[in-house]
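*Asks:* Next comes the structure file my_file-v1.cif, holding mmCIF, C-alpha atoms.
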```
data_target
loop_
_atom_site.label_atom_id
_atom_site.label_comp_id
_atom_site.auth_asym_id
_atom_site.auth_seq_id
_atom_site.Cartn_x
_atom_site.Cartn_y
_atom_site.Cartn_z
CA MET M 1 11.32 -190.50 -80.01
CA LYS M 2 9.27 -187.45 -78.98
CA TYR M 3 6.14 -189.56 -79.28
CA ILE M 4 7.54 -192.26 -76.97
CA LEU M 5 8.68 -189.64 -74.47
CA SER M 6 5.20 -188.04 -74.53
CA VAL M 7 3.55 -191.43 -73.93
CA TYR M 8 5.88 -192.08 -70.96
CA VAL M 9 5.18 -188.64 -69.48
CA MET M 10 1.40 -189.12 -69.84
CA PHE M 11 1.65 -192.62 -68.35
CA PHE M 12 3.54 -191.38 -65.27
CA MET M 13 1.13 -188.46 -64.86
CA LEU M 14 -1.83 -190.86 -64.88
CA ILE M 15 -0.15 -193.20 -62.39
CA SER M 16 0.79 -190.30 -60.14
CA ASN M 17 -2.75 -188.89 -60.26
CA ALA M 18 -4.25 -192.32 -59.50
CA GLN M 19 -1.90 -192.76 -56.54
CA SER M 20 -2.83 -189.36 -55.08
CA GLN M 21 -6.54 -190.24 -55.37
CA ASP M 22 -5.91 -193.65 -53.81
CA ALA M 23 -4.07 -191.92 -50.95
CA LEU M 24 -7.16 -189.81 -50.18
CA ASP M 25 -8.76 -191.37 -47.11
CA THR M 26 -12.50 -190.79 -47.53
CA THR M 27 -13.18 -192.34 -44.11
CA ARG M 28 -11.57 -189.33 -42.40
CA PHE M 29 -12.86 -185.81 -41.90
CA PRO M 30 -13.71 -183.84 -43.98
CA TYR M 31 -14.34 -186.42 -46.72
CA SER M 32 -16.36 -188.71 -44.44
CA TRP M 33 -18.93 -185.91 -44.02
CA CYS M 34 -19.78 -185.81 -47.74
CA GLY M 35 -23.46 -186.15 -48.53
CA TYR M 36 -26.72 -184.25 -48.34
CA TRP M 37 -27.76 -183.56 -44.74
CA GLU M 38 -31.14 -182.08 -43.90
CA GLY M 39 -33.12 -181.25 -40.80
CA LYS M 40 -34.48 -178.38 -38.76
CA LEU M 41 -32.71 -175.30 -37.44
CA GLU M 42 -34.01 -173.73 -34.24
CA ILE M 43 -33.08 -170.26 -33.09
CA ILE M 44 -33.20 -170.39 -29.30
CA GLY M 45 -33.16 -167.50 -26.84
CA SER M 46 -33.53 -167.39 -23.06
CA GLU M 47 -37.30 -167.63 -23.51
CA GLY M 48 -37.09 -170.77 -25.69
CA VAL M 49 -37.42 -171.39 -29.42
CA ILE M 50 -37.82 -168.10 -31.28
CA GLN M 51 -37.92 -169.51 -34.80
CA ALA M 52 -37.62 -172.86 -36.58
CA LEU M 53 -36.87 -173.45 -40.24
CA PRO M 54 -35.56 -176.17 -42.52
CA MET M 55 -31.84 -176.31 -43.16
CA ALA M 56 -29.42 -178.54 -45.03
CA TYR M 57 -25.76 -179.09 -45.79
CA ASP M 58 -24.72 -180.23 -49.24
CA ILE M 59 -21.13 -181.44 -48.87
CA SER M 60 -19.28 -182.93 -51.81
CA MET M 61 -15.82 -183.30 -53.27
CA THR M 62 -14.52 -181.15 -56.08
CA ASP M 63 -11.90 -182.01 -58.68
CA GLN M 64 -9.31 -180.77 -56.16
CA ASP M 65 -8.69 -183.10 -53.20
CA SER M 66 -7.94 -180.13 -50.96
CA THR M 67 -11.26 -178.33 -51.58
CA LEU M 68 -14.81 -179.47 -50.83
CA ILE M 69 -18.14 -177.88 -51.64
CA TRP M 70 -19.59 -177.02 -48.22
CA ALA M 71 -22.98 -175.54 -49.10
CA LEU M 72 -25.32 -174.44 -46.33
CA ILE M 73 -29.01 -174.09 -47.14
CA TYR M 74 -31.49 -172.13 -44.99
CA GLY M 75 -35.26 -172.24 -45.47
CA GLU M 76 -37.68 -173.84 -47.90
CA ASP M 77 -36.18 -172.25 -51.03
CA VAL M 78 -33.07 -174.36 -51.67
CA VAL M 79 -31.90 -172.00 -54.43
CA LYS M 80 -32.28 -168.61 -52.68
CA GLY M 81 -31.31 -170.05 -49.31
CA ARG M 82 -28.11 -171.71 -50.55
CA ARG M 83 -24.72 -170.39 -49.40
CA ASP M 84 -22.21 -172.06 -51.68
CA TYR M 85 -19.10 -172.16 -49.49
CA ARG M 86 -15.84 -174.08 -50.01
CA LEU M 87 -13.91 -175.84 -47.26
CA LYS M 88 -10.21 -175.80 -48.06
CA VAL M 89 -7.90 -178.30 -46.40
CA LEU M 90 -4.77 -176.44 -45.27
CA ASP M 91 -3.21 -179.10 -43.03
CA GLN M 92 -5.41 -182.10 -42.28
CA GLU M 93 -3.01 -183.54 -39.68
CA LYS M 94 -3.05 -180.28 -37.70
CA GLY M 95 -6.80 -179.72 -38.17
CA LEU M 96 -6.31 -176.46 -40.12
CA TYR M 97 -8.94 -175.46 -42.67
CA LEU M 98 -10.28 -172.36 -44.39
CA MET M 99 -13.97 -171.71 -45.03
CA ASP M 100 -14.21 -169.66 -48.21
CA GLU M 101 -17.60 -167.98 -48.53
CA GLN M 102 -16.82 -167.17 -52.19
CA ASN M 103 -17.42 -163.44 -51.64
CA SER M 104 -14.01 -162.32 -50.27
CA ILE M 105 -14.85 -163.61 -46.75
CA GLU M 106 -12.53 -166.37 -45.53
CA LEU M 107 -12.81 -167.84 -42.05
CA SER M 108 -10.02 -169.67 -40.25
CA THR M 109 -11.57 -173.00 -39.36
CA TYR M 110 -10.31 -175.81 -37.13
CA TYR M 111 -11.14 -179.48 -36.68
CA ILE M 112 -10.56 -180.23 -32.99
CA ASP M 113 -11.79 -183.26 -31.06
CA GLY M 114 -14.34 -184.20 -33.72
CA LYS M 115 -15.72 -180.67 -34.12
CA LEU M 116 -15.40 -178.22 -36.99
CA LEU M 117 -15.02 -174.81 -35.33
CA SER M 118 -14.66 -171.19 -36.32
CA MET M 119 -15.00 -167.98 -34.34
CA PHE M 120 -15.42 -164.65 -36.03
CA GLU M 121 -16.65 -161.12 -35.54
CA VAL M 122 -18.91 -159.20 -37.87
CA GLN M 123 -20.41 -155.76 -37.15
CA ASP M 124 -19.64 -155.94 -33.39
CA ASN M 125 -21.14 -159.44 -33.14
CA ILE M 126 -19.06 -162.46 -32.18
CA LEU M 127 -20.13 -165.85 -33.50
CA LEU M 128 -18.84 -169.29 -32.59
CA SER M 129 -19.74 -171.83 -35.24
CA SER M 130 -19.55 -175.56 -34.51
CA GLN M 131 -20.47 -178.69 -36.42
CA HIS M 132 -20.00 -182.24 -35.15
CA MET M 133 -21.45 -185.72 -35.42
CA VAL M 134 -23.55 -187.47 -32.81
CA GLY M 135 -24.50 -190.98 -33.88
CA ASP M 136 -26.04 -190.67 -37.34
CA SER M 137 -26.76 -186.94 -37.05
CA MET M 138 -24.82 -183.76 -37.69
CA ILE M 139 -25.23 -181.05 -35.07
CA HIS M 140 -24.83 -177.48 -36.32
CA GLU M 141 -24.57 -174.73 -33.70
CA ILE M 142 -23.85 -171.04 -33.81
CA ILE M 143 -23.57 -169.14 -30.54
CA PHE M 144 -24.13 -165.42 -30.97
CA THR M 145 -23.17 -162.49 -28.75
CA ASN M 146 -22.72 -158.77 -29.12
CA ARG M 147 -19.48 -157.02 -28.09
CA LYS M 148 -21.31 -153.91 -26.91
CA ASN M 149 -21.91 -153.43 -23.19
CA PRO M 150 -19.75 -156.22 -21.78
CA LYS M 151 -19.72 -156.91 -18.05
CA ILE M 152 -16.23 -155.99 -16.84
CA SER M 153 -14.79 -157.47 -13.68
CA GLY M 154 -11.41 -158.23 -12.14
CA ASN M 155 -8.69 -155.70 -13.01
CA GLN M 156 -7.52 -155.24 -9.46
CA VAL M 157 -5.02 -156.45 -6.90
CA ILE M 158 -6.28 -158.61 -4.02
CA GLU M 159 -3.79 -159.63 -1.32
CA ASN M 160 -0.79 -159.14 -3.65
CA ASP M 161 -2.49 -161.16 -6.41
CA THR M 162 -3.08 -159.24 -9.63
CA ILE M 163 -6.47 -160.19 -11.05
CA PRO M 164 -6.70 -159.64 -14.81
CA LYS M 165 -9.47 -157.65 -16.41
CA VAL M 166 -12.23 -160.02 -17.59
CA MET M 167 -14.97 -159.05 -20.01
CA SER M 168 -18.03 -161.26 -20.35
CA PHE M 169 -20.59 -160.73 -23.09
CA PRO M 170 -24.35 -161.17 -23.08
CA LEU M 171 -25.45 -164.19 -25.10
CA LYS M 172 -28.14 -163.31 -27.62
CA ASN M 173 -29.16 -166.71 -28.94
CA ILE M 174 -28.09 -170.12 -30.13
CA GLN M 175 -28.85 -171.53 -33.54
CA ARG M 176 -29.02 -175.32 -33.38
CA GLY M 177 -29.71 -177.64 -36.27
CA VAL M 178 -29.96 -181.40 -36.10
CA LEU M 179 -29.47 -182.89 -39.54
CA TYR M 180 -29.62 -186.41 -40.94
CA LYS M 181 -27.92 -187.75 -44.03
CA LYS M 182 -30.37 -188.24 -46.86
CA GLN M 183 -30.00 -191.65 -48.52
#
```
What does this structure look like when you write it as structure tokens?
*Replies:*
Amino acid sequence: MKYILSVYVMFFMLISNAQSQDALDTTRFPYSWCGYWEGKLEIIGSEGVIQALPMAYDISMTDQDSTLIWALIYGEDVVKGRRDYRLKVLDQEKGLYLMDEQNSIELSTYYIDGKLLSMFEVQDNILLSSQHMVGDSMIHEIIFTNRKNPKISGNQVIENDTIPKVMSFPLKNIQRGVLYKKQ
């Protein structure tokens, strides 16, 4: 009797696991982005391209449907230049994700209007990270600014209208990579 019960339990576990894998829609983000993407990253300032280097994304599924390997690779050395991140699906319908850098850093990440976005501050620098598809290419952009020495304006009353304080920050550079899926 215990043997039959064990067989039934295993059978239902297998069916349940198969159904959850069948329910995974690999045509939707983030699963549709799986693959090895490579191209060139340019660091661009007001004077033009400052630096160019190879870059790649290595995106693949793990044994957990809610976690993907989201590795970012900078430079020629694909071992030393690899950042082995994990993208965790928190709520796919709401576009809520978490980028786990595997070193205690976790970034709130959002999928909005076809773009994967995160904004974060590190050592007085604010970065806006964006990835999206254009045709058969993935566009990777990071916009970088420093919080020091903002331009402050507003913060006054003009004709009974209270103008809020506005701080704008000097843009340092943009990192832009155009990557293509390797077949």
*Asks:* With only C-alpha atoms as the counted atoms, please give the residues lying no more than 8 Å from M:Gly95, apart from itself and same-chain residues fewer than 3 positions off, as an MDAnalysis selection string.
*Replies:* chainID M and resid 91:92 110:112
*Asks:* Restricting it to C-alpha atoms, dump the selection as a PDB file, keeping the file's coordinate frame.
*Replies:*
```pdb
ATOM      1  CA  ASP M  91      -3.210-179.100 -43.030  1.00  0.00           C
ATOM      2  CA  GLN M  92      -5.410-182.100 -42.280  1.00  0.00           C
ATOM      3  CA  TYR M 110     -10.310-175.810 -37.130  1.00  0.00           C
ATOM      4  CA  TYR M 111     -11.140-179.480 -36.680  1.00  0.00           C
ATOM      5  CA  ILE M 112     -10.560-180.230 -32.990  1.00  0.00           C
TER       6      ILE M 112
END
```
*Asks:* So which residues touch M:Arg86 within 8 Å, counting only C-alpha atoms, skipping near sequence neighbours fewer than 4 positions away, as a ChimeraX atom specification?
*Replies:* /M:67-71,99-102
*Asks:* So that I can check the surroundings of stretch 166-173 of chain M, please list as a PyMOL selection string every protein, DNA and RNA residue that reaches within 8 Å of it, counting all atoms listed in the file and ignoring chain neighbours fewer than 5 positions away.
*Replies:* chain M and resi 43-46+143-155
*Asks:* Please write the residues picked by the PyMOL selection byres ((chain M and resi 107) around 10) on this file as a list in words.
*Replies:*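 Matching residues under the PyMOL selection byres ((chain M and resi 107) around 10) are Leu87, Tyr97, Leu98, Met99, Asp100, Glu101, Ser104, Ile105, Glu106, Ser108, Thr109, Tyr110, Leu117, Ser118, Met119 and Phe120 of chain M.
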*Asks:* Using all atoms listed in the file, which of M:Met55, M:Val89, M:Val157, M:Ile73 sits nearest M:Tyr31?
*Replies:* M:Val89
*Asks:* Taking the file as I've supplied it (selection: the PyMOL selection byres ((chain M and resi 52) around 7)), which residues are included? Please answer as an mmCIF file with C-alpha atoms, keeping the file's coordinate frame.
*Replies:*
```cif
data_model
loop_
_atom_site.group_PDB
_atom_site.id
_atom_site.type_symbol
_atom_site.label_atom_id
_atom_site.label_comp_id
_atom_site.auth_asym_id
_atom_site.auth_seq_id
_atom_site.Cartn_x
_atom_site.Cartn_y
_atom_site.Cartn_z
ATOM 1 C CA LYS M 40 -34.480 -178.380 -38.760
ATOM 2 C CA LEU M 41 -32.710 -175.300 -37.440
ATOM 3 C CA GLU M 42 -34.010 -173.730 -34.240
ATOM 4 C CA ILE M 43 -33.080 -170.260 -33.090
ATOM 5 C CA GLN M 51 -37.920 -169.510 -34.800
ATOM 6 C CA LEU M 53 -36.870 -173.450 -40.240
#
```
*Asks:* When you count only C-alpha atoms, which of these residues is closest to M:Ile59: M:Leu72, M:Ile139, M:Val79, M:Val178?
*Replies:*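 Closest candidate: M:Leu72.
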*Asks:* Given only C-alpha atoms as the basis, pick out the residue of M:Ser66, M:Gln156, M:Ser60, M:Ser32 nearest to M:Met133.
*Replies:*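 For M:Met133, the nearest of the candidates is M:Ser32.
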